[in-house]
>>> print(open('entry_30.csv').read())   # CSV, C-alpha atoms
chain,number,residue,atom,x,y,z
F,1,MET,CA,-26.4,55.5,-90.7
F,2,ALA,CA,-25.9,55.1,-94.5
F,3,LYS,CA,-29.0,55.3,-96.5
F,4,MET,CA,-30.1,52.0,-98.0
F,5,TYR,CA,-32.3,51.1,-101.0
F,6,TYR,CA,-33.9,47.8,-102.0
F,7,GLU,CA,-36.0,46.6,-104.9
F,8,LYS,CA,-39.1,48.4,-103.6
F,9,ASP,CA,-37.2,51.7,-103.9
F,10,CYS,CA,-36.1,51.1,-107.5
F,11,ASP,CA,-38.2,51.6,-110.6
F,12,LEU,CA,-36.9,49.9,-113.7
F,13,SER,CA,-39.3,52.0,-115.8
F,14,TYR,CA,-36.7,54.8,-115.6
F,15,LEU,CA,-34.7,52.8,-118.1
F,16,ASN,CA,-37.7,52.5,-120.5
F,17,GLY,CA,-36.7,53.9,-123.9
F,18,LYS,CA,-33.1,54.4,-122.8
F,19,LYS,CA,-30.3,52.7,-124.7
F,20,ILE,CA,-27.5,51.5,-122.5
F,21,ALA,CA,-23.9,51.3,-123.9
F,22,ILE,CA,-21.6,49.1,-121.9
F,23,ILE,CA,-18.0,50.1,-122.7
F,24,GLY,CA,-15.9,46.9,-122.2
F,25,TYR,CA,-16.7,43.2,-121.9
F,26,GLY,CA,-14.4,42.0,-119.1
F,27,SER,CA,-15.4,40.8,-115.6
F,28,GLN,CA,-17.8,43.6,-114.9
F,29,GLY,CA,-18.7,44.4,-118.5
F,30,HIS,CA,-20.1,41.0,-119.4
F,31,ALA,CA,-22.1,40.8,-116.1
F,32,HIS,CA,-23.7,44.2,-116.5
F,33,ALA,CA,-24.5,43.7,-120.2
F,34,LEU,CA,-26.0,40.3,-119.7
F,35,ASN,CA,-27.9,41.1,-116.5
F,36,LEU,CA,-29.4,44.2,-118.1
F,37,LYS,CA,-30.3,42.3,-121.2
F,38,ASP,CA,-32.0,39.6,-119.1
F,39,SER,CA,-33.9,42.4,-117.3
F,40,GLY,CA,-35.4,43.6,-120.5
F,41,CYS,CA,-33.2,46.6,-121.2
F,42,GLU,CA,-31.9,47.7,-124.6
F,43,VAL,CA,-28.1,47.1,-124.4
F,44,CYS,CA,-25.1,47.2,-126.7
F,45,VAL,CA,-21.4,46.6,-125.9
F,46,GLY,CA,-18.8,49.0,-127.1
F,47,LEU,CA,-15.4,47.5,-127.9
F,48,ARG,CA,-12.3,48.5,-129.9
F,49,GLN,CA,-12.2,47.2,-133.4
F,50,GLY,CA,-10.6,43.7,-133.4
F,51,SER,CA,-11.2,43.0,-129.8
F,52,LYS,CA,-10.9,39.4,-128.8
F,53,ASN,CA,-14.2,39.8,-126.8
F,54,TRP,CA,-16.2,40.9,-129.9
F,55,ALA,CA,-17.2,37.4,-131.0
F,56,GLN,CA,-17.8,36.4,-127.4
F,57,ALA,CA,-20.3,39.2,-126.8
F,58,GLU,CA,-22.1,38.5,-130.0
F,59,LYS,CA,-22.3,34.8,-129.2
F,60,ALA,CA,-24.0,35.8,-125.9
F,61,GLY,CA,-26.7,37.5,-128.0
F,62,LEU,CA,-25.5,41.1,-127.4
F,63,GLN,CA,-25.3,43.8,-130.0
F,64,VAL,CA,-21.7,45.0,-130.4
F,65,MET,CA,-20.4,48.3,-131.8
F,66,THR,CA,-17.1,50.2,-131.8
F,67,ILE,CA,-16.7,52.4,-128.8
F,68,PRO,CA,-17.4,55.7,-130.7
F,69,GLU,CA,-20.5,54.1,-132.2
F,70,ALA,CA,-21.7,52.8,-128.8
F,71,ALA,CA,-21.1,56.2,-127.2
F,72,GLN,CA,-23.1,58.0,-129.9
F,73,TRP,CA,-25.9,55.3,-129.7
F,74,GLY,CA,-26.3,55.2,-125.9
F,75,ASP,CA,-28.3,57.4,-123.7
F,76,ILE,CA,-26.5,55.9,-120.7
F,77,VAL,CA,-22.7,55.2,-121.3
F,78,MET,CA,-21.3,52.9,-118.6
F,79,MET,CA,-17.5,52.8,-118.4
F,80,LEU,CA,-16.3,49.3,-117.5
F,81,ILE,CA,-12.9,49.2,-119.1
F,82,ASN,CA,-9.8,49.3,-116.9
F,83,ASP,CA,-9.3,52.4,-114.8
F,84,GLU,CA,-5.9,53.1,-116.3
F,85,VAL,CA,-7.2,53.4,-119.9
F,86,GLN,CA,-10.6,55.1,-119.2
F,87,ALA,CA,-9.4,58.7,-119.5
F,88,ASP,CA,-7.7,58.2,-122.9
F,89,VAL,CA,-10.6,56.3,-124.3
F,90,TYR,CA,-13.1,58.8,-122.9
F,91,LYS,CA,-11.3,61.8,-124.4
F,92,LYS,CA,-10.8,60.2,-127.8
F,93,ASP,CA,-13.9,58.1,-128.4
F,94,ILE,CA,-16.7,59.1,-125.9
F,95,ALA,CA,-16.4,62.8,-125.0
F,96,PRO,CA,-17.5,64.0,-128.5
F,97,TYR,CA,-20.8,62.2,-128.0
F,98,MET,CA,-21.7,63.1,-124.4
F,99,THR,CA,-24.5,65.5,-125.4
F,100,GLU,CA,-26.9,67.2,-123.0
F,101,GLY,CA,-29.3,64.9,-121.2
F,102,LYS,CA,-27.2,61.7,-121.5
F,103,ALA,CA,-25.7,59.9,-118.5
F,104,LEU,CA,-22.1,58.8,-118.0
F,105,ALA,CA,-21.8,56.0,-115.5
F,106,PHE,CA,-19.0,54.3,-113.6
F,107,ALA,CA,-18.6,51.2,-111.4
F,108,HIS,CA,-15.6,52.8,-109.6
F,109,GLY,CA,-14.9,56.5,-109.0
F,110,PHE,CA,-11.1,56.6,-109.7
F,111,ASN,CA,-11.2,58.8,-112.8
F,112,ILE,CA,-13.8,61.2,-111.4
F,113,ARG,CA,-12.2,61.4,-108.0
F,114,TYR,CA,-8.7,62.2,-109.4
F,115,GLN,CA,-10.1,64.3,-112.3
F,116,GLN,CA,-8.8,62.2,-115.1
F,117,ILE,CA,-12.2,62.5,-116.6
F,118,VAL,CA,-14.2,65.8,-116.5
F,119,PRO,CA,-17.7,65.3,-117.9
F,120,PRO,CA,-19.6,68.2,-119.4
F,121,ALA,CA,-22.1,70.0,-117.2
F,122,GLY,CA,-25.2,68.9,-119.1
F,123,VAL,CA,-24.9,65.2,-118.4
F,124,ASP,CA,-25.8,63.0,-115.5
F,125,VAL,CA,-22.8,61.3,-113.8
F,126,PHE,CA,-23.6,58.4,-111.5
F,127,MET,CA,-22.0,55.3,-110.0
F,128,ALA,CA,-23.4,51.8,-109.9
F,129,ALA,CA,-20.7,49.8,-108.1
F,130,PRO,CA,-21.2,46.2,-107.2
F,131,LYS,CA,-19.3,45.2,-104.1
F,132,GLY,CA,-18.0,42.0,-105.7
F,133,PRO,CA,-16.3,40.8,-108.9
F,134,GLY,CA,-18.3,40.8,-112.1
F,135,HIS,CA,-18.3,37.0,-112.3
F,136,THR,CA,-20.2,37.0,-109.0
F,137,VAL,CA,-22.5,39.7,-110.2
F,138,ARG,CA,-23.5,37.4,-113.0
F,139,SER,CA,-23.7,34.1,-111.2
F,140,THR,CA,-25.8,35.5,-108.3
F,141,TYR,CA,-28.1,37.2,-110.8
F,142,VAL,CA,-28.7,33.9,-112.6
F,143,ASN,CA,-29.4,32.2,-109.3
F,144,GLY,CA,-32.1,34.8,-108.4
F,145,LYS,CA,-30.0,36.8,-106.0
F,146,GLY,CA,-27.6,39.8,-106.3
F,147,VAL,CA,-24.5,41.5,-105.1
F,148,PRO,CA,-24.8,44.5,-102.8
F,149,CYS,CA,-24.1,47.8,-104.6
F,150,LEU,CA,-23.1,51.4,-104.0
F,151,VAL,CA,-24.9,54.2,-105.6
F,152,ALA,CA,-23.6,57.8,-106.0
F,153,VAL,CA,-24.4,60.8,-108.1
F,154,GLU,CA,-21.7,63.3,-109.0
F,155,GLN,CA,-23.9,65.4,-111.4
F,156,ASN,CA,-27.7,65.5,-111.5
F,157,ALA,CA,-28.2,67.5,-114.7
F,158,THR,CA,-31.6,66.0,-115.6
F,159,GLY,CA,-32.9,65.9,-112.0
F,160,ASN,CA,-33.5,62.1,-112.4
F,161,ALA,CA,-29.9,60.8,-112.0
F,162,TYR,CA,-30.6,59.0,-108.7
F,163,LYS,CA,-33.7,57.3,-110.1
F,164,ILE,CA,-31.9,56.3,-113.2
F,165,ALA,CA,-28.9,55.0,-111.2
F,166,LEU,CA,-31.2,52.9,-108.9
F,167,ALA,CA,-33.1,51.5,-111.9
F,168,TYR,CA,-29.7,50.6,-113.4
F,169,ILE,CA,-28.7,48.8,-110.2
F,170,ALA,CA,-32.0,47.0,-110.1
F,171,GLY,CA,-31.4,45.9,-113.7
F,172,ILE,CA,-28.1,44.2,-112.8
F,173,GLY,CA,-29.6,42.6,-109.7
F,174,GLY,CA,-28.0,44.7,-107.0
F,175,ALA,CA,-31.2,45.9,-105.5
F,176,ARG,CA,-32.1,42.3,-104.5
F,177,ALA,CA,-29.2,42.5,-102.0
F,178,GLY,CA,-29.3,46.1,-101.1
F,179,VAL,CA,-27.9,49.5,-102.3
F,180,MET,CA,-26.0,51.9,-100.1
F,181,GLU,CA,-25.8,55.6,-101.0
F,182,THR,CA,-22.3,57.1,-101.0
F,183,THR,CA,-20.2,59.6,-102.9
F,184,PHE,CA,-17.6,59.2,-105.7
F,185,HIS,CA,-15.0,60.6,-103.2
F,186,ASP,CA,-15.8,58.1,-100.4
F,187,GLU,CA,-16.3,55.0,-102.7
F,188,THR,CA,-12.9,55.6,-104.4
F,189,GLU,CA,-10.9,56.1,-101.3
F,190,THR,CA,-12.5,53.2,-99.3
F,191,ASP,CA,-12.4,50.9,-102.2
F,192,LEU,CA,-8.7,51.5,-102.9
F,193,PHE,CA,-7.9,51.2,-99.1
F,194,GLY,CA,-9.9,47.9,-98.8
F,195,GLU,CA,-8.2,46.4,-101.8
F,196,GLN,CA,-4.7,47.3,-100.8
F,197,CYS,CA,-4.8,46.8,-97.0
F,198,VAL,CA,-7.2,43.9,-96.6
F,199,LEU,CA,-8.9,42.2,-99.6
F,200,CYS,CA,-6.0,41.8,-102.0
F,201,GLY,CA,-2.7,43.2,-100.7
F,202,GLY,CA,-3.3,42.1,-97.1
F,203,VAL,CA,-4.9,38.7,-97.7
F,204,VAL,CA,-2.5,37.7,-100.4
F,205,ASP,CA,0.6,38.6,-98.4
F,206,LEU,CA,-0.8,36.9,-95.3
F,207,MET,CA,-1.5,33.7,-97.2
F,208,ARG,CA,1.9,33.8,-98.9
F,209,CYS,CA,3.8,34.4,-95.7
F,210,GLY,CA,1.9,31.5,-94.0
F,211,PHE,CA,2.6,29.2,-96.9
F,212,GLU,CA,6.3,30.0,-97.0
F,213,THR,CA,6.7,29.7,-93.2
F,214,LEU,CA,5.3,26.1,-93.2
F,215,VAL,CA,7.3,25.1,-96.3
F,216,GLU,CA,10.5,26.5,-95.0
F,217,ALA,CA,9.9,24.6,-91.7
F,218,GLY,CA,9.9,21.3,-93.7
F,219,TYR,CA,6.1,20.7,-94.1
F,220,GLU,CA,4.7,19.5,-97.4
F,221,PRO,CA,3.8,22.3,-99.8
F,222,GLU,CA,0.4,20.7,-100.4
F,223,ASN,CA,-0.3,20.7,-96.7
F,224,ALA,CA,0.7,24.3,-96.5
F,225,TYR,CA,-1.6,25.2,-99.4
F,226,PHE,CA,-4.6,23.6,-97.8
F,227,GLU,CA,-4.0,25.2,-94.4
F,228,CYS,CA,-3.1,28.7,-95.5
F,229,ILE,CA,-4.9,29.2,-98.8
F,230,HIS,CA,-7.6,26.7,-99.6
F,231,GLU,CA,-9.3,27.0,-96.3
F,232,MET,CA,-9.5,30.8,-96.6
F,233,LYS,CA,-12.7,30.6,-98.7
F,234,LEU,CA,-14.3,28.3,-96.1
F,235,ILE,CA,-13.6,30.9,-93.3
F,236,ILE,CA,-14.7,33.9,-95.4
F,237,ASP,CA,-17.9,32.1,-96.4
F,238,LEU,CA,-18.8,31.7,-92.7
F,239,ILE,CA,-18.0,35.3,-91.9
F,240,ASN,CA,-20.0,36.4,-95.0
F,241,LYS,CA,-23.0,34.4,-93.8
F,242,GLY,CA,-23.1,35.4,-90.1
F,243,GLY,CA,-20.2,37.6,-89.1
F,244,VAL,CA,-17.0,36.7,-87.1
F,245,ALA,CA,-19.1,35.3,-84.2
F,246,ALA,CA,-20.7,32.8,-86.6
F,247,MET,CA,-17.3,31.8,-87.9
F,248,ASN,CA,-16.0,31.3,-84.3
F,249,TYR,CA,-19.1,29.3,-83.5
F,250,SER,CA,-18.3,26.9,-86.4
F,251,ILE,CA,-14.7,26.4,-85.7
F,252,SER,CA,-13.2,24.6,-82.7
F,253,ASP,CA,-12.5,26.4,-79.4
F,254,THR,CA,-8.9,25.6,-79.9
F,255,ALA,CA,-8.9,27.5,-83.2
F,256,GLU,CA,-10.8,30.4,-81.6
F,257,TYR,CA,-8.3,30.6,-78.7
F,258,GLY,CA,-5.5,30.7,-81.2
F,259,GLU,CA,-7.2,33.5,-83.0
F,260,TYR,CA,-7.2,35.6,-79.8
F,261,VAL,CA,-3.6,34.9,-78.7
F,262,SER,CA,-1.8,34.7,-82.1
F,263,GLY,CA,-3.6,37.1,-84.4
F,264,PRO,CA,-2.1,40.1,-82.6
F,265,ARG,CA,1.4,38.5,-82.8
F,266,VAL,CA,1.1,38.2,-86.6
F,267,LEU,CA,-0.5,41.6,-87.0
F,268,PRO,CA,0.7,43.9,-84.2
F,269,TYR,CA,-2.3,46.2,-83.7
F,270,GLU,CA,-0.7,49.6,-83.3
F,271,GLU,CA,2.0,49.0,-86.0
F,272,THR,CA,-0.5,47.6,-88.4
F,273,LYS,CA,-2.9,50.5,-87.9
F,274,LYS,CA,0.0,52.9,-88.4
F,275,ASN,CA,0.9,51.3,-91.7
F,276,MET,CA,-2.7,51.2,-92.8
F,277,LYS,CA,-3.1,54.9,-92.0
F,278,ALA,CA,-0.1,55.6,-94.2
F,279,VAL,CA,-1.6,53.7,-97.1
F,280,LEU,CA,-4.9,55.6,-96.6
F,281,SER,CA,-3.0,58.9,-96.6
F,282,ASP,CA,-1.4,58.1,-100.0
F,283,ILE,CA,-4.9,57.4,-101.4
F,284,GLN,CA,-6.4,60.5,-99.9
F,285,ASP,CA,-3.7,62.9,-101.1
F,286,GLY,CA,-3.4,61.4,-104.6
F,287,THR,CA,0.0,59.9,-104.2
F,288,PHE,CA,-1.2,56.4,-105.0
F,289,ALA,CA,-3.2,57.6,-108.0
F,290,GLY,CA,-0.1,59.5,-109.3
F,291,LYS,CA,2.1,56.4,-109.0
F,292,TRP,CA,-0.4,54.2,-110.8
F,293,ILE,CA,-1.0,56.7,-113.6
F,294,ALA,CA,2.8,57.0,-114.0
F,295,GLU,CA,3.3,53.2,-113.9
F,296,ASN,CA,1.0,52.9,-116.9
F,297,LYS,CA,2.6,55.7,-118.8
F,298,ASN,CA,6.1,54.2,-118.2
F,299,GLY,CA,5.5,50.7,-119.5
F,300,ARG,CA,4.3,49.0,-116.3
F,301,THR,CA,7.8,47.6,-115.6
F,302,PHE,CA,7.1,47.1,-111.8
F,303,PHE,CA,3.6,45.8,-112.3
F,304,ASN,CA,4.6,43.3,-114.9
F,305,SER,CA,7.6,42.1,-112.9
F,306,LYS,CA,5.5,41.5,-109.8
F,307,ARG,CA,2.8,39.6,-111.9
F,308,ALA,CA,5.5,37.4,-113.5
F,309,GLN,CA,7.1,36.8,-110.0
F,310,LEU,CA,3.7,35.7,-108.6
F,311,LYS,CA,3.1,33.2,-111.4
F,312,LYS,CA,6.3,31.4,-110.5
F,313,HIS,CA,5.6,31.3,-106.8
F,314,GLN,CA,5.4,27.8,-105.3
F,315,MET,CA,2.0,28.4,-103.8
F,316,GLU,CA,0.6,29.1,-107.3
F,317,ILE,CA,2.2,26.1,-108.9
F,318,VAL,CA,1.2,23.7,-106.1
F,319,GLY,CA,-2.3,25.2,-106.0
F,320,GLU,CA,-2.9,24.7,-109.7
F,321,GLU,CA,-2.0,21.0,-109.4
F,322,LEU,CA,-4.2,20.4,-106.3
F,323,ARG,CA,-7.2,22.1,-107.9
F,324,LYS,CA,-7.1,19.8,-110.9
F,325,ASN,CA,-7.8,16.8,-108.6
F,326,MET,CA,-10.5,18.4,-106.4
F,327,ILE,CA,-14.2,17.9,-106.9
F,328,TRP,CA,-14.5,20.6,-109.5
F,329,GLY,CA,-11.9,18.9,-111.6
F,330,GLY,CA,-9.9,21.9,-112.9
F,331,ASP,CA,-13.0,24.0,-113.6
F,332,LYS,CA,-11.6,27.5,-114.3
F,333,ASP,CA,-15.0,29.2,-115.0
F,334,LEU,CA,-14.9,32.3,-112.7
F,335,ASP,CA,-18.6,32.8,-113.1
F,336,THR,CA,-19.0,29.8,-110.7
F,337,ALA,CA,-16.3,31.0,-108.2
F,338,SER,CA,-18.8,32.0,-105.5
F,339,ASN,CA,-21.0,28.9,-105.9
>>> encode(input="entry_30.csv", output="structure tokens")
Amino acid sequence: MAKMYYEKDCDLSYLNGKKIAIIGYGSQGHAHALNLKDSGCEVCVGLRQGSKNWAQAEKAGLQVMTIPEAAQWGDIVMMLINDEVQADVYKKDIAPYMTEGKALAFAHGFNIRYQQIVPPAGVDVFMAAPKGPGHTVRSTYVNGKGVPCLVAVEQNATGNAYKIALAYIAGIGGARAGVMETTFHDETETDLFGEQCVLCGGVVDLMRCGFETLVEAGYEPENAYFECIHEMKLIIDLINKGGVAAMNYSISDTAEYGEYVSGPRVLPYEETKKNMKAVLSDIQDGTFAGKWIAENKNGRTFFNSKRAQLKKHQMEIVGEELRKNMIWGGDKDLDTASN
């Protein structure tokens, strides 16, 4: 069984007197910075000069510095910029200030696992990884709850890395939901696998195929959107609340029977598992990491073409129009996406 921690196991006082530099102010960055500030911690946000998020962070009441200034100022430096730019930014703007006794923190282990960042021996290296998007980390914190987190320590130079990491997670609200101990190695590989095979790659392709199948058969696109995309959240919310059995209890027996007879037809068990194992192998041996690093060095041609293609897909166009007329009236605030 994995070791779990909760609020009673976390002591926020380990952050007393420590200055926390949050590098980046995107989905995770804004959530960590605001949650830590609201928990009474001394926080600054490190951004590149001229960043569009500079004024936004200041408006939220946060101190903002350039990345080198923040790295020099902070006792804990949390890397929350995109994986693909972390290594270059670290080497140029952060590494010179990672002096003995400081802590370098991550919310995902990619750059440590694949040795794109190699911290000096005298600093703590820990992970505080919420298992949910930053907008949910913020919204649940504001509502008095939290998102479950993973904790890992790669280097324990000070002897207090675990205590500091757990205090940090308590500060962003994660200890309210539970904290599971892991390693940078395991978090990186399981996270990439989950994203690619199930949460993003698998789910998006499944919804897209369902939508296209209904539309190609002559059904209204709006109907296809409701059946194959909109209702996904309703099903996942039920599973999140009480597992698959609770979801099955809440749907009709007809739907549950269809789950048993048609699920394996859509996703043939052995073939799907074989394909998933191939994806996992690419993650484990570094093939995926190498491709992603090369994609970014070579202008992101494939990535950008796929993003542009998705934007033009009928399910995206139909969905945008339908959402404008739903009860939330076109609300695009991602901080309320899980409410």
>>> residues_around(input="entry_30.csv", residues="Ile235 (chain F)", least_positions_apart="4", cutoff="7 Å", atoms="all atoms listed in the file", output="mmCIF file with C-alpha atoms, in the coordinates of the input")
data_model
loop_
_atom_site.group_PDB
_atom_site.id
_atom_site.type_symbol
_atom_site.label_atom_id
_atom_site.label_comp_id
_atom_site.auth_asym_id
_atom_site.auth_seq_id
_atom_site.Cartn_x
_atom_site.Cartn_y
_atom_site.Cartn_z
ATOM 1 C CA GLU F 231 -9.300 27.000 -96.300
ATOM 2 C CA ILE F 239 -18.000 35.300 -91.900
ATOM 3 C CA MET F 247 -17.300 31.800 -87.900
#
>>> closest_residue(input="entry_30.csv", among="F:Asn16, F:Thr213, F:Gln116, F:Gln72", to="Thr99 (chain F)", atoms="all atoms listed in the file")
F:Gln72
>>> residues_around(input="entry_30.csv", residues="Val279 (chain F)", least_positions_apart="4", cutoff="9 Å", atoms="all atoms listed in the file", output="ChimeraX atom specification")
/F:193,196-197,274-275,283-284,288
>>> residues_around(input="entry_30.csv", residues="Ile251 (chain F)", least_positions_apart="5", cutoff="10 Å", atoms="all atoms listed in the file", output="PDB file with C-alpha atoms, keeping the file's coordinate frame")
ATOM      1  CA  ILE F 235     -13.600  30.900 -93.300  1.00  0.00           C
ATOM      2  CA  LEU F 238     -18.800  31.700 -92.700  1.00  0.00           C
ATOM      3  CA  ALA F 246     -20.700  32.800 -86.600  1.00  0.00           C
ATOM      4  CA  GLU F 256     -10.800  30.400 -81.600  1.00  0.00           C
TER       5      GLU F 256
END
>>> atom_distance(input="entry_30.csv", atom1="CA of Val151 (chain F)", atom2="CA of Ile293 (chain F)")
25.3 Å
>>> closest_residue(input="entry_30.csv", among="F:Phe211, F:His32, F:Leu47, F:Ala128", to="Asp93 (chain F)", atoms="all atoms listed in the file")
F:Leu47
>>> residues_near_point(input="entry_30.csv", point="(-26.8, 57.7, -114.2)", cutoff="9 Å", atoms="all atoms listed in the file", output="VMD selection string")
chain F and resid 76 to 78 102 to 106 123 to 128 152 to 153 155 to 156 160 to 166 168
>>> write_last_selection(input="entry_30.csv", atoms="C-alpha atoms", output="short mmCIF file (atom, residue, chain, number, x, y, z; two decimals), in the frame of the given file")
data_model
loop_
_atom_site.label_atom_id
_atom_site.label_comp_id
_atom_site.auth_asym_id
_atom_site.auth_seq_id
_atom_site.Cartn_x
_atom_site.Cartn_y
_atom_site.Cartn_z
CA ILE F 76 -26.50 55.90 -120.70
CA VAL F 77 -22.70 55.20 -121.30
CA MET F 78 -21.30 52.90 -118.60
CA LYS F 102 -27.20 61.70 -121.50
CA ALA F 103 -25.70 59.90 -118.50
CA LEU F 104 -22.10 58.80 -118.00
CA ALA F 105 -21.80 56.00 -115.50
CA PHE F 106 -19.00 54.30 -113.60
CA VAL F 123 -24.90 65.20 -118.40
CA ASP F 124 -25.80 63.00 -115.50
CA VAL F 125 -22.80 61.30 -113.80
CA PHE F 126 -23.60 58.40 -111.50
CA MET F 127 -22.00 55.30 -110.00
CA ALA F 128 -23.40 51.80 -109.90
CA ALA F 152 -23.60 57.80 -106.00
CA VAL F 153 -24.40 60.80 -108.10
CA GLN F 155 -23.90 65.40 -111.40
CA ASN F 156 -27.70 65.50 -111.50
CA ASN F 160 -33.50 62.10 -112.40
CA ALA F 161 -29.90 60.80 -112.00
CA TYR F 162 -30.60 59.00 -108.70
CA LYS F 163 -33.70 57.30 -110.10
CA ILE F 164 -31.90 56.30 -113.20
CA ALA F 165 -28.90 55.00 -111.20
CA LEU F 166 -31.20 52.90 -108.90
CA TYR F 168 -29.70 50.60 -113.40
#
>>> closest_residue(input="entry_30.csv", among="F:Glu84, F:Arg176, F:Ala107, F:Gln63", to="Lys8 (chain F)", atoms="all atoms listed in the file")
F:Arg176
>>> closest_residue(input="entry_30.csv", among="F:Ile172, F:Gly178, F:Asn298, F:Thr136", to="Cys149 (chain F)", atoms="all atoms listed in the file")
F:Gly178
>>> atom_distance(input="entry_30.csv", atom1="CA of Leu206 (chain F)", atom2="CA of Gly263 (chain F)")
11.3 Å
>>> residues_around(input="entry_30.csv", residues="Pro130 (chain F)", least_positions_apart="2", cutoff="8 Å", atoms="only C-alpha atoms", output="list of chain:residue names")
F:Ala107, F:Ala128, F:Gly132, F:Pro133, F:Gly134, F:Val137, F:Val147, F:Pro148, F:Cys149, F:Leu150, F:Gly174
>>> write_last_selection(input="entry_30.csv", atoms="C-alpha atoms", output="short mmCIF file (atom, residue, chain, number, x, y, z; two decimals), in the coordinates of the input")
data_model
loop_
_atom_site.label_atom_id
_atom_site.label_comp_id
_atom_site.auth_asym_id
_atom_site.auth_seq_id
_atom_site.Cartn_x
_atom_site.Cartn_y
_atom_site.Cartn_z
CA ALA F 107 -18.60 51.20 -111.40
CA ALA F 128 -23.40 51.80 -109.90
CA GLY F 132 -18.00 42.00 -105.70
CA PRO F 133 -16.30 40.80 -108.90
CA GLY F 134 -18.30 40.80 -112.10
CA VAL F 137 -22.50 39.70 -110.20
CA VAL F 147 -24.50 41.50 -105.10
CA PRO F 148 -24.80 44.50 -102.80
CA CYS F 149 -24.10 47.80 -104.60
CA LEU F 150 -23.10 51.40 -104.00
CA GLY F 174 -28.00 44.70 -107.00
#
>>> closest_residue(input="entry_30.csv", among="F:Gly46, F:Trp292, F:Leu310, F:Met326", to="Asp205 (chain F)", atoms="all atoms listed in the file")
F:Leu310
